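Structure first, then comments.
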Amino acid sequence: MTARTDALSNTDKQYIWHPFTQMKDYVNEDNLIIESGEGVYLIDTDGNRYIDGVSSLWTNLFGHRRREIDDAVKSQLDKIAHSTMLGLANVPATKLAEKLIGIAPKGLKKVFYSDNGSTAVEVALKTAFLYHAHKGDKKRTKFIALKNSYHGDTLGAVSVGGISLFHGLFKPLLADVKFAPSPYCYRCEFDKRPENCGIYCADALEALAKKHHREVAALIVEPMVQGAGGIITAPPGYLKRVREICDKYGVLMIADEVAVGFGRTGKMFGCDNEGVTPDLMALAKGLSGGYMPLAATLATEEVYSAFLGEYSEYKALFHGHTFTGNQLGASAACAVLDIFEKDDVITNLQPKIAYLTALLERFKGHPHVGDVRQRGFIAALELVQNKETKGDYPPAEKIGAKICQEARKHGLIIRPLGNVIVIMPPYIITDGELKKMIDAIEVSIDRVTI
Ligand SMILES: Cc1ncc(COP(=O)(O)O)c(C=O)c1O
């Protein structure tokens, strides 16, 4: 370690309080300080290169320092970095809105900007509540969400979060939310088998909606994959059922595409897998290619029009963040959407998805990998102590964290979700790099578990 790295490391430990991190441990461990990036690689202050195996928290699609995105941001910087969107428009946010509506599920017509995934969800929740209120139904103050769901860390988003470790402690502060079962086939809470259950968990969701719908504004779901809950892949048909249930009971459907949007599931949006148009859709992370904090909440004309009225009716959406629609973020996002079109990214991703499937095959017989999950270019390995009983490693063993720490020695940066190893590299990863990544995960799992 160079003297400079050592000094930076000490300064980091002295001043920074890291998110989702037990700082008592962190200050006693080696920390890694990223200095630069190049394509799929993160480079630390000592010049070591690591594959960015979780795309810098599921954001980076086309690599670091991608020329087209760099150029777009640099040329925007020569014009202006930021002006407010409260009562003013700007060039890149305007162009981006048109592009987004052009690719979004049919029926979504309006774009409300904010600056991160949590705020995109907050906007959706508040909009759903006000939609009903503006239409004269003020009783719909509750939401339906799924167990194991994650929608962000602001209080509204935490209210609809279903991960007790993250959300349980905040319960006294939260809105009233009814939780439906998670479509978690590996650990089905009804002990059913996905081959013949008829998506039983969707029936349970419907029963909940039937019971509470008169007081429910919206149902929020992560389409196809519950991300932070453990990369839980929903069975085919589940999302379509969610849409049908919402329609049947007059509840708005919020699709939180923050993690799965922009190609991760192998389609542009998770909703596209089942031909679903939600009433509200939250976007962030990949929207700016992982470059800038930028988010958007898309709405149908029906939702939007409930907010129209005389000024004195005060139906305007009273919500807006300082950096809403920021020009640098929007210019990065325009470049991202241009790349999708120019490089036919979704089509060209399909062979890489198939190669990832083939590479994951080796884990199926592994004594400590209980479940191998994949949807598109998202994959996960659920580690178990006992494969027969699906017995978990105790959280205190920090098995996932130890494996990810070991992976660094093999040139890979990944981050676990408890006992689940997440595989979510940038789309530009080559076959050779993908194999190197999976080899590094395999050897790291072996070293830690066997
Ligand atoms: C599905 C989903 N929604 C919302 C969020 C929150 O996004 P942010 O961390 O940008 O607030 C996340 C973050 O991981 C997410 O996965």
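Following the order of the structure tokens, chains are lettered A, B, ..., residues in each are numbered from 1, and ligands are numbered from 1.
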
Within 6 Å of Gln327 (chain A), counting only C-alpha atoms, which residues qualify if same-chain residues fewer than 5 places away don't, as a ChimeraX atom specification?
/A:81-82,92

Go ahead and write the residues just picked, N, CA and C atoms, as a short mmCIF file (atom, residue, chain, number, x, y, z; two decimals), in the first residue's frame.
data_model
loop_
_atom_site.label_atom_id
_atom_site.label_comp_id
_atom_site.auth_asym_id
_atom_site.auth_seq_id
_atom_site.Cartn_x
_atom_site.Cartn_y
_atom_site.Cartn_z
N ALA A 81 -24.62 23.57 -15.98
CA ALA A 81 -24.67 22.35 -15.17
C ALA A 81 -26.05 22.13 -14.59
N HIS A 82 -26.69 23.21 -14.16
CA HIS A 82 -27.98 23.02 -13.49
C HIS A 82 -28.79 24.31 -13.49
N PRO A 92 -31.86 19.22 -22.12
CA PRO A 92 -31.72 17.76 -22.09
C PRO A 92 -32.87 17.04 -21.38
#

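Contact shell of Thr347 (chain A) at 9 Å (only C-alpha atoms; same-chain neighbours under 3 positions omitted): Gly266, Lys267, Asp343, Asp344, Gln350 and Pro351 of chain A.
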
Residues within 10 Å of Ser164 (chain A), please, as a PyMOL selection string. Count only C-alpha atoms; anything in the same chain fewer than 4 positions from it doesn't count.
chain A and resi 147-149+168-171+229

Under the rule of at most 8 Å, produce a per-residue listing of chain A near ligand 1: chain, number, name, the closest pair of atoms, and the distance in Å, as a Markdown table, using only C-alpha atoms and all ligand atoms.
| residue | atom | partner | partner_atom_place_in_ligand_line | distance |
| --- | --- | --- | --- | --- |
| A:Leu57 | CA | ligand 1 | 14 (O) | 7.2 |
| A:Trp58 | CA | ligand 1 | 14 (O) | 7.5 |
| A:Asp115 | CA | ligand 1 | 10 (O) | 7.7 |
| A:Asn116 | CA | ligand 1 | 10 (O) | 4.0 |
| A:Gly117 | CA | ligand 1 | 7 (O) | 3.2 |
| A:Ser118 | CA | ligand 1 | 11 (O) | 3.6 |
| A:Thr119 | CA | ligand 1 | 11 (O) | 6.4 |
| A:Ala120 | CA | ligand 1 | 4 (C) | 7.7 |
| A:Val121 | CA | ligand 1 | 4 (C) | 6.6 |
| A:Ser149 | CA | ligand 1 | 1 (C) | 7.6 |
| A:Tyr150 | CA | ligand 1 | 2 (C) | 5.6 |
| A:His151 | CA | ligand 1 | 3 (N) | 3.6 |
| A:Gly152 | CA | ligand 1 | 6 (C) | 3.6 |
| A:Asp153 | CA | ligand 1 | 11 (O) | 6.3 |
| A:Thr154 | CA | ligand 1 | 11 (O) | 7.6 |
| A:Ala157 | CA | ligand 1 | 4 (C) | 7.6 |
| A:Glu222 | CA | ligand 1 | 1 (C) | 5.7 |
| A:Gln226 | CA | ligand 1 | 1 (C) | 7.0 |
| A:Gly227 | CA | ligand 1 | 16 (O) | 5.4 |
| A:Ala228 | CA | ligand 1 | 16 (O) | 5.7 |
| A:Asp256 | CA | ligand 1 | 1 (C) | 5.5 |
| A:Glu257 | CA | ligand 1 | 1 (C) | 6.0 |
| A:Val258 | CA | ligand 1 | 2 (C) | 4.7 |
| A:Ala259 | CA | ligand 1 | 16 (O) | 4.5 |
| A:Val260 | CA | ligand 1 | 1 (C) | 7.2 |
| A:Ala282 | CA | ligand 1 | 3 (N) | 7.7 |
| A:Ala284 | CA | ligand 1 | 10 (O) | 6.3 |
| A:Lys285 | CA | ligand 1 | 10 (O) | 6.1 |
| A:Pro293 | CA | ligand 1 | 10 (O) | 7.5 |
| A:Ala295 | CA | ligand 1 | 10 (O) | 7.9 |

Dump of C-alpha atoms for the selected residues, as a short mmCIF file (atom, residue, chain, number, x, y, z; two decimals), in the first residue's frame:
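Printed below is out.cif as written:
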data_model
loop_
_atom_site.label_atom_id
_atom_site.label_comp_id
_atom_site.auth_asym_id
_atom_site.auth_seq_id
_atom_site.Cartn_x
_atom_site.Cartn_y
_atom_site.Cartn_z
CA LEU A 57 -24.68 -0.92 -7.18
CA TRP A 58 -26.63 -1.95 -10.27
CA ASP A 115 -32.85 12.37 -8.35
CA ASN A 116 -32.69 8.85 -6.95
CA GLY A 117 -34.63 5.63 -6.72
CA SER A 118 -36.15 6.37 -3.34
CA THR A 119 -37.48 9.74 -4.47
CA ALA A 120 -38.90 8.19 -7.64
CA VAL A 121 -40.82 5.81 -5.39
CA SER A 149 -39.49 -5.94 -1.31
CA TYR A 150 -37.08 -3.03 -1.30
CA HIS A 151 -38.01 0.39 -2.63
CA GLY A 152 -35.48 2.73 -1.04
CA ASP A 153 -34.57 4.38 2.23
CA THR A 154 -36.75 7.46 2.58
CA ALA A 157 -40.17 3.95 0.48
CA GLU A 222 -40.54 -4.79 -8.38
CA GLN A 226 -37.17 -8.53 -6.11
CA GLY A 227 -33.68 -7.07 -6.00
CA ALA A 228 -32.37 -6.19 -2.56
CA ASP A 256 -40.58 0.00 -9.28
CA GLU A 257 -38.16 -0.50 -12.17
CA VAL A 258 -35.30 1.24 -10.37
CA ALA A 259 -33.19 -1.95 -10.32
CA VAL A 260 -34.58 -3.92 -13.26
CA ALA A 282 -40.23 4.48 -11.02
CA ALA A 284 -33.35 5.54 -11.60
CA LYS A 285 -29.98 3.69 -11.40
CA PRO A 293 -28.11 10.84 -9.63
CA ALA A 295 -34.64 9.49 -11.51
#

Looking only at strand (DSSP E) from DSSP on the backbone, list the matching residues of region 138-349 of chain A as a PyMOL selection string.
chain A and resi 142-146+177-180+216-221+225-226+232-233+252-256+280-283+295-300

Interatomic distance, CA of Cys197 (chain A) to CA of Cys246 (chain A) (Å, one decimal)
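Between CA of Cys197 (chain A) and CA of Cys246 (chain A) the gap is 21.2 Å.
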
Which polymer residues have any atom within 8 Å of an atom of Gly63 (chain A), counting only C-alpha atoms, with same-chain residues fewer than 5 positions away left out, as a ChimeraX atom specification?
/A:38-41,426-428

For a quick check of understanding, using only C-alpha atoms, which of A:Pro105, A:Gly289, A:Gly370, A:Gly230 has the smallest distance to Glu274 (chain A)?
A:Pro105

Spatial neighbours of Met1 (chain A), 9 Å, only C-alpha atoms, chain gap at least 4 places, as a list in words:
Thr5, Asp6, Thr45 and Asp46 of chain A

N, CA and C atoms of the current selection, written as an mmCIF file, in the first residue's frame:
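File written: part-v4.cif
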data_model
loop_
_atom_site.group_PDB
_atom_site.id
_atom_site.type_symbol
_atom_site.label_atom_id
_atom_site.label_comp_id
_atom_site.auth_asym_id
_atom_site.auth_seq_id
_atom_site.Cartn_x
_atom_site.Cartn_y
_atom_site.Cartn_z
ATOM 1 N N THR A 5 -2.234 6.073 -0.333
ATOM 2 C CA THR A 5 -3.408 5.233 -0.051
ATOM 3 C C THR A 5 -3.615 5.125 1.459
ATOM 4 N N ASP A 6 -2.525 4.936 2.162
ATOM 5 C CA ASP A 6 -2.600 4.809 3.615
ATOM 6 C C ASP A 6 -3.216 6.071 4.237
ATOM 7 N N THR A 45 -6.493 3.197 -5.672
ATOM 8 C CA THR A 45 -5.416 4.184 -5.569
ATOM 9 C C THR A 45 -4.023 3.557 -5.674
ATOM 10 N N ASP A 46 -3.962 2.230 -5.596
ATOM 11 C CA ASP A 46 -2.674 1.575 -5.807
ATOM 12 C C ASP A 46 -2.545 1.025 -7.230
#

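Using only C-alpha atoms, the protein and nucleic acid residues lying no more than 10 Å from Ile245 (chain A), apart from those fewer than 2 places from it along its own chain, are A:Ala202, A:Asp203, A:Leu205, A:Glu206, A:Ala207, A:Ala209, A:Lys210, A:Leu219, A:Leu239, A:Lys240, A:Arg241, A:Val242, A:Arg243, A:Asp247, A:Lys248, A:Tyr249, A:Gly250, A:Val251, A:Leu252, A:Met253.
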
How would the residues just chosen look if you wrote them out with C-alpha atoms as an mmCIF file, in the first residue's frame?
data_model
loop_
_atom_site.group_PDB
_atom_site.id
_atom_site.type_symbol
_atom_site.label_atom_id
_atom_site.label_comp_id
_atom_site.auth_asym_id
_atom_site.auth_seq_id
_atom_site.Cartn_x
_atom_site.Cartn_y
_atom_site.Cartn_z
ATOM 1 C CA ALA A 202 -50.752 -14.375 -6.488
ATOM 2 C CA ASP A 203 -54.007 -15.851 -5.145
ATOM 3 C CA LEU A 205 -52.156 -11.310 -3.032
ATOM 4 C CA GLU A 206 -55.601 -11.177 -4.564
ATOM 5 C CA ALA A 207 -57.214 -12.210 -1.276
ATOM 6 C CA ALA A 209 -56.470 -6.870 -2.250
ATOM 7 C CA LYS A 210 -60.059 -8.097 -2.023
ATOM 8 C CA LEU A 219 -49.918 -1.804 -5.000
ATOM 9 C CA LEU A 239 -46.594 -9.751 -12.939
ATOM 10 C CA LYS A 240 -49.547 -10.092 -15.288
ATOM 11 C CA ARG A 241 -51.622 -11.323 -12.351
ATOM 12 C CA VAL A 242 -50.584 -8.241 -10.361
ATOM 13 C CA ARG A 243 -51.892 -6.021 -13.158
ATOM 14 C CA ASP A 247 -57.580 -3.586 -12.394
ATOM 15 C CA LYS A 248 -60.143 -5.779 -10.681
ATOM 16 C CA TYR A 249 -59.999 -3.858 -7.401
ATOM 17 C CA GLY A 250 -59.448 -0.303 -8.676
ATOM 18 C CA VAL A 251 -55.992 -0.061 -7.101
ATOM 19 C CA LEU A 252 -53.173 1.719 -8.954
ATOM 20 C CA MET A 253 -50.175 -0.394 -9.939
#

Let's see if you can do this: from backbone DSSP, list all alpha helix (DSSP H) residues in region 1-241 of chain A, as a PyMOL selection string.
chain A and resi 3-15+23-26+55-58+67-77+91-103+117-134+155-159+164-167+200-212+238-241

Preceding selection exported with C-alpha atoms as a PDB file, in the first residue's frame:
ATOM      1  CA  ALA A   3       1.738   6.186   1.601  1.00  0.00           C
ATOM      2  CA  ARG A   4      -0.950   8.135  -0.242  1.00  0.00           C
ATOM      3  CA  THR A   5      -3.408   5.233  -0.051  1.00  0.00           C
ATOM      4  CA  ASP A   6      -2.600   4.809   3.615  1.00  0.00           C
ATOM      5  CA  ALA A   7      -3.277   8.489   4.295  1.00  0.00           C
ATOM      6  CA  LEU A   8      -6.544   8.455   2.330  1.00  0.00           C
ATOM      7  CA  SER A   9      -7.611   5.298   4.082  1.00  0.00           C
ATOM      8  CA  ASN A  10      -7.063   6.890   7.472  1.00  0.00           C
ATOM      9  CA  THR A  11      -8.943  10.025   6.447  1.00  0.00           C
ATOM     10  CA  ASP A  12     -11.855   7.926   5.167  1.00  0.00           C
ATOM     11  CA  LYS A  13     -12.035   6.025   8.437  1.00  0.00           C
ATOM     12  CA  GLN A  14     -11.758   9.198  10.463  1.00  0.00           C
ATOM     13  CA  TYR A  15     -14.487  11.198   8.720  1.00  0.00           C
ATOM     14  CA  MET A  23     -18.405   1.168  11.168  1.00  0.00           C
ATOM     15  CA  LYS A  24     -16.889  -0.612  14.170  1.00  0.00           C
ATOM     16  CA  ASP A  25     -15.827  -3.377  11.772  1.00  0.00           C
ATOM     17  CA  TYR A  26     -15.064  -1.098   8.840  1.00  0.00           C
ATOM     18  CA  SER A  55     -22.120  -2.414 -11.795  1.00  0.00           C
ATOM     19  CA  SER A  56     -21.482   0.058  -8.961  1.00  0.00           C
ATOM     20  CA  LEU A  57     -24.680  -0.917  -7.181  1.00  0.00           C
ATOM     21  CA  TRP A  58     -26.633  -1.952 -10.272  1.00  0.00           C
ATOM     22  CA  ARG A  67     -16.924   7.877 -24.519  1.00  0.00           C
ATOM     23  CA  GLU A  68     -20.425   8.851 -25.693  1.00  0.00           C
ATOM     24  CA  ILE A  69     -21.652   9.485 -22.139  1.00  0.00           C
ATOM     25  CA  ASP A  70     -18.471  11.333 -21.144  1.00  0.00           C
ATOM     26  CA  ASP A  71     -18.800  13.532 -24.223  1.00  0.00           C
ATOM     27  CA  ALA A  72     -22.475  14.279 -23.571  1.00  0.00           C
ATOM     28  CA  VAL A  73     -21.780  15.361 -19.996  1.00  0.00           C
ATOM     29  CA  LYS A  74     -18.699  17.376 -20.952  1.00  0.00           C
ATOM     30  CA  SER A  75     -20.502  19.230 -23.715  1.00  0.00           C
ATOM     31  CA  GLN A  76     -23.463  19.915 -21.408  1.00  0.00           C
ATOM     32  CA  LEU A  77     -20.993  21.283 -18.868  1.00  0.00           C
ATOM     33  CA  VAL A  91     -33.035  21.233 -23.041  1.00  0.00           C
ATOM     34  CA  PRO A  92     -31.717  17.756 -22.089  1.00  0.00           C
ATOM     35  CA  ALA A  93     -34.555  16.986 -19.633  1.00  0.00           C
ATOM     36  CA  THR A  94     -37.071  17.874 -22.351  1.00  0.00           C
ATOM     37  CA  LYS A  95     -35.370  15.660 -24.942  1.00  0.00           C
ATOM     38  CA  LEU A  96     -35.021  12.845 -22.431  1.00  0.00           C
ATOM     39  CA  ALA A  97     -38.708  12.913 -21.487  1.00  0.00           C
ATOM     40  CA  GLU A  98     -39.673  12.403 -25.114  1.00  0.00           C
ATOM     41  CA  LYS A  99     -37.184   9.540 -25.474  1.00  0.00           C
ATOM     42  CA  LEU A 100     -38.425   7.873 -22.273  1.00  0.00           C
ATOM     43  CA  ILE A 101     -42.059   7.968 -23.313  1.00  0.00           C
ATOM     44  CA  GLY A 102     -40.956   6.571 -26.674  1.00  0.00           C
ATOM     45  CA  ILE A 103     -39.554   3.397 -25.072  1.00  0.00           C
ATOM     46  CA  GLY A 117     -34.630   5.626  -6.721  1.00  0.00           C
ATOM     47  CA  SER A 118     -36.150   6.373  -3.337  1.00  0.00           C
ATOM     48  CA  THR A 119     -37.480   9.737  -4.468  1.00  0.00           C
ATOM     49  CA  ALA A 120     -38.899   8.190  -7.645  1.00  0.00           C
ATOM     50  CA  VAL A 121     -40.818   5.807  -5.386  1.00  0.00           C
ATOM     51  CA  GLU A 122     -41.890   8.587  -2.989  1.00  0.00           C
ATOM     52  CA  VAL A 123     -43.297  10.497  -5.955  1.00  0.00           C
ATOM     53  CA  ALA A 124     -45.213   7.415  -7.096  1.00  0.00           C
ATOM     54  CA  LEU A 125     -46.680   6.759  -3.628  1.00  0.00           C
ATOM     55  CA  LYS A 126     -47.753  10.369  -3.067  1.00  0.00           C
ATOM     56  CA  THR A 127     -49.141  10.612  -6.592  1.00  0.00           C
ATOM     57  CA  ALA A 128     -51.183   7.443  -6.123  1.00  0.00           C
ATOM     58  CA  PHE A 129     -52.681   8.718  -2.876  1.00  0.00           C
ATOM     59  CA  LEU A 130     -53.493  12.125  -4.364  1.00  0.00           C
ATOM     60  CA  TYR A 131     -54.922  10.589  -7.548  1.00  0.00           C
ATOM     61  CA  HIS A 132     -57.707   8.996  -5.523  1.00  0.00           C
ATOM     62  CA  ALA A 133     -58.097  12.019  -3.253  1.00  0.00           C
ATOM     63  CA  HIS A 134     -58.415  14.388  -6.213  1.00  0.00           C
ATOM     64  CA  LEU A 155     -39.674   6.946   4.938  1.00  0.00           C
ATOM     65  CA  GLY A 156     -42.383   6.423   2.318  1.00  0.00           C
ATOM     66  CA  ALA A 157     -40.173   3.949   0.485  1.00  0.00           C
ATOM     67  CA  VAL A 158     -39.279   2.250   3.786  1.00  0.00           C
ATOM     68  CA  SER A 159     -43.007   1.934   4.579  1.00  0.00           C
ATOM     69  CA  SER A 164     -37.319  -6.800   8.334  1.00  0.00           C
ATOM     70  CA  LEU A 165     -33.562  -6.281   8.801  1.00  0.00           C
ATOM     71  CA  PHE A 166     -33.673  -2.965   6.927  1.00  0.00           C
ATOM     72  CA  HIS A 167     -37.187  -1.792   7.678  1.00  0.00           C
ATOM     73  CA  TYR A 200     -50.598 -19.593  -5.431  1.00  0.00           C
ATOM     74  CA  CYS A 201     -48.862 -16.521  -3.959  1.00  0.00           C
ATOM     75  CA  ALA A 202     -50.752 -14.375  -6.488  1.00  0.00           C
ATOM     76  CA  ASP A 203     -54.007 -15.851  -5.145  1.00  0.00           C
ATOM     77  CA  ALA A 204     -52.907 -14.778  -1.667  1.00  0.00           C
ATOM     78  CA  LEU A 205     -52.156 -11.310  -3.032  1.00  0.00           C
ATOM     79  CA  GLU A 206     -55.601 -11.177  -4.564  1.00  0.00           C
ATOM     80  CA  ALA A 207     -57.214 -12.210  -1.276  1.00  0.00           C
ATOM     81  CA  LEU A 208     -55.393  -9.338   0.456  1.00  0.00           C
ATOM     82  CA  ALA A 209     -56.470  -6.870  -2.250  1.00  0.00           C
ATOM     83  CA  LYS A 210     -60.059  -8.097  -2.023  1.00  0.00           C
ATOM     84  CA  LYS A 211     -60.091  -7.531   1.727  1.00  0.00           C
ATOM     85  CA  HIS A 212     -58.471  -4.092   1.801  1.00  0.00           C
ATOM     86  CA  TYR A 238     -46.942 -13.329 -11.718  1.00  0.00           C
ATOM     87  CA  LEU A 239     -46.594  -9.751 -12.939  1.00  0.00           C
ATOM     88  CA  LYS A 240     -49.547 -10.092 -15.288  1.00  0.00           C
ATOM     89  CA  ARG A 241     -51.622 -11.323 -12.351  1.00  0.00           C
TER      90      ARG A 241
END

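Counting only C-alpha atoms and comparing A:Leu32, A:Ile353, A:Val177, A:Leu328, the residue that lies closest to Gln405 (chain A) is A:Leu32.
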
Can you tell me, as a PDB file with N, CA and C atoms, in the first residue's frame, what residues are no more than 6 Å from region 409-415 of chain A when counting only C-alpha atoms, ignoring any on the same chain fewer than 2 positions away?
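Final output, saved to out_13.pdb:
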ATOM      1  N   TYR A  50     -10.132  -4.116 -10.723  1.00  0.00           N
ATOM      2  CA  TYR A  50     -11.148  -5.083 -10.298  1.00  0.00           C
ATOM      3  C   TYR A  50     -12.330  -5.028 -11.264  1.00  0.00           C
ATOM      4  N   ILE A  51     -12.865  -6.185 -11.609  1.00  0.00           N
ATOM      5  CA  ILE A  51     -14.119  -6.192 -12.384  1.00  0.00           C
ATOM      6  C   ILE A  51     -15.231  -5.645 -11.483  1.00  0.00           C
ATOM      7  N   ASP A  52     -16.008  -4.715 -12.020  1.00  0.00           N
ATOM      8  CA  ASP A  52     -17.116  -4.116 -11.265  1.00  0.00           C
ATOM      9  C   ASP A  52     -18.332  -5.052 -11.383  1.00  0.00           C
ATOM     10  N   GLY A  53     -18.331  -6.080 -10.541  1.00  0.00           N
ATOM     11  CA  GLY A  53     -19.284  -7.194 -10.694  1.00  0.00           C
ATOM     12  C   GLY A  53     -20.719  -6.883 -10.342  1.00  0.00           C
ATOM     13  N   VAL A  54     -20.950  -5.763  -9.670  1.00  0.00           N
ATOM     14  CA  VAL A  54     -22.341  -5.364  -9.403  1.00  0.00           C
ATOM     15  C   VAL A  54     -22.611  -3.983  -9.991  1.00  0.00           C
ATOM     16  N   CYS A 404     -17.327 -12.163  -0.638  1.00  0.00           N
ATOM     17  CA  CYS A 404     -17.068 -10.960  -1.450  1.00  0.00           C
ATOM     18  C   CYS A 404     -15.700 -10.359  -1.125  1.00  0.00           C
ATOM     19  N   GLU A 406     -13.116 -12.150  -0.150  1.00  0.00           N
ATOM     20  CA  GLU A 406     -12.174 -13.072  -0.804  1.00  0.00           C
ATOM     21  C   GLU A 406     -12.091 -12.770  -2.306  1.00  0.00           C
ATOM     22  N   ALA A 407     -13.238 -12.441  -2.901  1.00  0.00           N
ATOM     23  CA  ALA A 407     -13.275 -12.197  -4.360  1.00  0.00           C
ATOM     24  C   ALA A 407     -12.353 -11.048  -4.757  1.00  0.00           C
ATOM     25  N   ALA A 440     -13.876 -16.477 -10.392  1.00  0.00           N
ATOM     26  CA  ALA A 440     -13.476 -15.837  -9.126  1.00  0.00           C
ATOM     27  C   ALA A 440     -14.521 -16.092  -8.045  1.00  0.00           C
TER      28      ALA A 440
END

Tell me which of A:Phe363, A:Tyr184, A:Phe377, A:Tyr393 sits closest to Val443 (chain A), counting only C-alpha atoms.
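With only C-alpha atoms as the atom set, the closest residue is A:Phe363.
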
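Between Phe340 (chain A) and the residues A:Phe179, A:Phe62, A:Phe112, A:Phe323, the shortest atom-to-atom distance, using only C-alpha atoms, involves A:Phe62.
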
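Counting from CA of Asn326 (chain A), the distance to CA of Leu294 (chain A) is 7.5 Å.
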